[in-house]
file work_25.txt (compact mmCIF, C-alpha atoms)
# COMPACT_ATOMS: atom_id res chain seq x y z
CA SER A 1 -2.86 -10.22 3.16
CA PRO A 2 -4.29 -11.57 6.42
CA PHE A 3 -2.50 -11.52 9.78
CA ILE A 4 -4.05 -14.32 11.80
CA ILE A 5 -4.07 -14.55 15.58
CA THR A 6 -4.87 -18.11 16.58
CA PRO A 7 -6.64 -18.90 19.85
CA GLY A 8 -4.36 -19.53 22.78
CA VAL A 9 -3.03 -18.01 25.97
CA TYR A 10 -0.43 -15.33 25.30
CA THR A 11 1.70 -13.16 27.55
CA THR A 12 1.44 -9.39 27.19
CA ALA A 13 4.93 -9.41 25.63
CA GLU A 14 3.84 -11.97 23.02
CA MET A 15 0.76 -9.96 22.11
CA LYS A 16 2.81 -6.75 21.90
CA ASN A 17 5.28 -8.48 19.60
CA ALA A 18 2.51 -9.63 17.23
CA ILE A 19 0.95 -6.16 17.26
CA THR A 20 4.32 -4.50 16.55
CA ILE A 21 4.88 -6.74 13.53
CA PHE A 22 1.39 -6.02 12.19
CA LEU A 23 1.47 -2.25 12.78
CA THR A 24 4.97 -1.86 11.36
CA SER A 25 3.85 -3.50 8.13
CA ARG A 26 0.67 -1.41 7.96
CA LYS A 27 1.98 2.03 8.96
CA THR A 28 5.30 2.02 7.07
CA ASN A 29 5.06 4.14 3.92
CA GLY A 30 1.60 5.20 5.03
CA GLY A 31 0.25 1.74 4.28
CA SER A 32 1.23 2.11 0.61
CA ASN A 33 2.81 -1.33 0.47
CA CYS A 34 1.04 -4.23 -1.21
CA LEU A 35 3.02 -6.72 0.88
CA SER A 36 1.74 -5.40 4.20
CA SER A 37 -1.01 -7.09 6.13
CA GLN A 38 -4.37 -5.41 5.58
CA ILE A 39 -6.64 -7.83 7.43
CA LEU A 40 -6.38 -8.64 11.13
CA VAL A 41 -8.11 -11.96 11.83
CA LEU A 42 -9.11 -12.62 15.43
CA PRO A 43 -10.95 -15.52 17.06
CA LYS A 44 -14.43 -14.26 17.95
CA GLU A 45 -14.71 -15.95 21.35
CA TRP A 46 -11.01 -15.65 22.29
CA LYS A 47 -10.66 -14.90 26.00
CA GLN A 48 -7.84 -12.38 25.43
CA LYS A 49 -9.48 -10.55 22.51
CA ASP A 50 -10.42 -7.44 24.51
CA GLU A 51 -6.94 -7.23 26.04
CA PHE A 52 -5.39 -7.62 22.58
CA ARG A 53 -7.64 -4.90 21.10
CA LYS A 54 -6.79 -2.50 23.94
CA LEU A 55 -3.05 -3.08 23.43
CA PHE A 56 -3.55 -2.70 19.67
CA ASP A 57 -5.17 0.74 20.05
CA GLU A 58 -2.54 1.91 22.55
CA MET A 59 0.33 0.77 20.36
CA ALA A 60 -1.23 2.16 17.16
CA THR A 61 -1.49 5.55 18.88
CA ALA A 62 2.13 5.42 20.10
CA MET A 63 3.69 4.23 16.82
CA PRO A 64 4.43 7.03 14.32
CA GLN A 65 2.95 6.73 10.86
CA ASP A 66 4.38 7.74 7.51
CA LEU A 67 2.33 9.93 5.22
CA THR A 68 0.17 8.07 2.72
CA TYR A 69 1.55 8.96 -0.67
CA TYR A 70 0.25 6.43 -3.18
CA PRO A 71 -1.84 8.23 -5.85
CA GLY A 72 -5.56 7.92 -5.18
CA SER A 73 -5.12 5.94 -1.95
CA LEU A 74 -6.71 8.51 0.38
CA GLU A 75 -9.79 8.70 -1.83
CA LYS A 76 -9.99 4.92 -1.95
CA ARG A 77 -9.67 4.73 1.85
CA LYS A 78 -12.54 7.22 2.23
CA ARG A 79 -14.69 5.28 -0.22
CA LEU A 80 -13.99 1.92 1.46
CA SER A 81 -14.53 3.18 5.00
CA SER A 82 -17.74 5.06 4.19
CA SER A 83 -19.93 1.92 4.29
CA TYR A 84 -18.47 1.08 7.69
CA ASP A 85 -18.93 4.68 8.93
CA LYS A 86 -22.67 4.51 8.25
CA ALA A 87 -22.98 1.42 10.42
CA GLY A 88 -20.76 2.82 13.19
CA ARG A 89 -18.14 0.16 12.48
CA SER A 90 -15.08 2.30 11.81
CA SER A 91 -12.69 4.32 13.91
CA ILE A 92 -9.53 6.32 13.40
CA VAL A 93 -6.55 5.77 15.69
CA LYS A 94 -4.51 8.99 15.55
CA SER A 95 -0.74 8.95 15.97
CA LYS A 96 2.28 11.11 15.33
CA LEU A 97 3.08 11.50 11.65
CA VAL A 98 6.58 11.16 10.29
CA PHE A 99 6.51 14.55 8.65
CA ASP A 100 9.84 16.32 8.38
CA VAL A 101 10.51 18.16 5.14
CA GLY A 102 12.82 20.74 6.68
CA ASP A 103 12.72 24.49 6.16
CA GLU A 104 14.40 24.57 2.77
CA ASP A 105 11.22 24.24 0.74
CA PRO A 106 8.31 26.31 2.14
CA ASP A 107 6.08 25.48 -0.86
CA LEU A 108 6.44 21.76 -0.19
CA GLN A 109 5.78 22.32 3.52
CA GLU A 110 2.57 24.16 2.71
CA GLU A 111 1.43 21.52 0.23
CA LEU A 112 2.12 18.67 2.64
CA SER A 113 0.50 20.41 5.59
CA GLU A 114 -2.75 20.49 3.59
CA VAL A 115 -2.84 16.68 3.42
CA LYS A 116 -1.32 16.03 6.84
CA ASP A 117 -4.62 15.92 8.73
CA GLU A 118 -6.23 13.79 6.06
CA CYS A 119 -3.36 11.26 6.24
CA ASN A 120 -3.17 11.11 10.01
CA GLY A 121 -4.70 8.04 11.46
CA LEU A 122 -4.99 4.34 11.06
CA VAL A 123 -8.53 3.63 9.91
CA VAL A 124 -9.84 0.48 11.58
CA VAL A 125 -13.00 -1.08 10.13
CA GLU A 126 -14.94 -3.87 11.79
CA CYS A 127 -15.95 -6.31 9.04
CA GLY A 128 -17.69 -8.78 11.34
CA THR A 129 -17.83 -12.55 10.94
CA PRO A 130 -18.05 -14.31 7.56
CA GLY A 131 -21.38 -16.05 7.12
CA GLU A 132 -23.27 -13.62 9.35
CA ALA A 133 -25.76 -11.22 7.74
CA SER A 134 -23.87 -8.17 9.06
CA PHE A 135 -20.52 -9.21 7.51
CA ASN A 136 -19.12 -6.46 5.26
CA GLU A 137 -16.31 -7.73 3.05
CA ALA A 138 -15.54 -4.49 1.18
CA ALA A 139 -12.26 -3.81 3.01
CA THR A 140 -11.13 -7.42 2.68
CA ALA A 141 -11.72 -7.54 -1.06
CA ASN A 142 -10.11 -4.19 -1.97
CA GLU A 143 -6.64 -2.87 -1.21
CA SER A 144 -6.65 0.73 0.00
CA PHE A 145 -2.86 1.28 -0.23
CA SER A 146 -3.20 3.40 2.89
CA ALA A 147 -3.16 3.06 6.66
CA MET A 148 -6.35 1.03 6.93
CA VAL A 149 -7.03 -2.22 8.77
CA ALA A 150 -9.93 -4.61 8.24
CA VAL A 151 -10.73 -6.63 11.38
CA VAL A 152 -12.42 -9.98 10.75
CA GLU A 153 -13.55 -12.26 13.54
CA LEU A 154 -13.79 -15.98 12.91
CA PRO A 155 -15.94 -18.30 15.04
CA GLY A 156 -14.13 -20.08 17.83
CA GLY A 157 -11.50 -19.21 20.34
CA GLY A 158 -13.42 -19.99 23.49
CA GLY A 159 -13.40 -23.79 23.45
CA GLY A 160 -10.82 -26.51 23.42
CA ASP A 161 -7.86 -26.52 21.04
CA ASP A 162 -9.36 -29.08 18.63
CA GLU A 163 -12.71 -27.28 18.51
CA ASP A 164 -11.04 -23.92 17.85
CA HIS A 165 -8.74 -25.35 15.20
CA ASP A 166 -11.65 -26.96 13.36
CA ALA A 167 -13.76 -23.79 13.49
CA ILE A 168 -10.99 -21.52 12.20
CA SER A 169 -9.35 -23.89 9.69
CA LYS A 170 -12.43 -24.02 7.47
CA TYR A 171 -11.83 -20.34 6.60
CA MET A 172 -8.18 -20.83 5.62

call {"tool": "encode", "arguments": {"input": "work_25.txt", "output": "structure tokens"}}
result
Amino acid sequence: SPFIITPGVYTTAEMKNAITIFLTSRKTNGGSNCLSSQILVLPKEWKQKDEFRKLFDEMATAMPQDLTYYPGSLEKRKRLSSSYDKAGRSSIVKSKLVFDVGDEDPDLQEELSEVKDECNGLVVVECGTPGEASFNEAATANESFSAMVAVVELPGGGGGDDEDHDAISKYM
């Protein structure tokens, strides 16, 4: 499911609100929710893109993340992100994990602590721009059921409203 930021001029509060909505959907249940947004679509030439990305990273670090629990999802996340790793187009934004199993079950604590480091982090992959030779669609075509975000940049965002609308609408 895409989460689309359209070109425009936004206040910091408006950008933070959009980021909170996106991150909440992606980090809840460790990203193991098929209704959550997996793809963040940004205008490539948008004047506030760098500011938005900086806020995104800060907020992703500050927002706790649930453990990824869906069977096979961590392996799928590794497989999907590996093609982006090779090209230097992936990063992991670490955050606090929601990880409280109490003291009553030491075996469960030990088992979960083994996967804790593997689960920690929102994997962000840079897919590029559709139509360009470097575009990698793997993370947009496959659901990881984990805390993973595919960032896609569409042409436009730096011109007038009509020009930006026309450039972006052909991808929708």

call {"tool": "residues_near_point", "arguments": {"input": "work_25.txt", "point": "(-0.6, 5.0, 1.8)", "cutoff": "10 Å", "atoms": "all atoms listed in the file", "output": "number ranges by chain"}}
result
A: 26-34, 65-74, 77, 119, 144-148

call {"tool": "atom_distance", "arguments": {"input": "work_25.txt", "atom1": "atom CA of A:Lys54", "atom2": "atom CA of A:Asp85"}}
result
20.6 Å

call {"tool": "atom_distance", "arguments": {"input": "work_25.txt", "atom1": "atom CA of A:Val125", "atom2": "atom CA of A:Val98"}}
result
23.1 Å

call {"tool": "residues_around", "arguments": {"input": "work_25.txt", "residues": "A:Ile5", "least_positions_apart": "5", "cutoff": "9 Å", "atoms": "all atoms listed in the file", "output": "number ranges by chain"}}
result
A: 18, 40-43

call {"tool": "atom_distance", "arguments": {"input": "work_25.txt", "atom1": "atom CA of A:Leu97", "atom2": "atom CA of A:Ala141"}}
result
27.3 Å

call {"tool": "closest_residue", "arguments": {"input": "work_25.txt", "among": "A:Glu14, A:Glu45, A:Asp50, A:Glu137", "to": "A:Leu154", "atoms": "all atoms listed in the file"}}
result
A:Glu45

call {"tool": "residues_near_point", "arguments": {"input": "work_25.txt", "point": "(-3.9, 5.4, 12.3)", "cutoff": "8 Å", "atoms": "only C-alpha atoms", "output": "count of residues only"}}
result
15
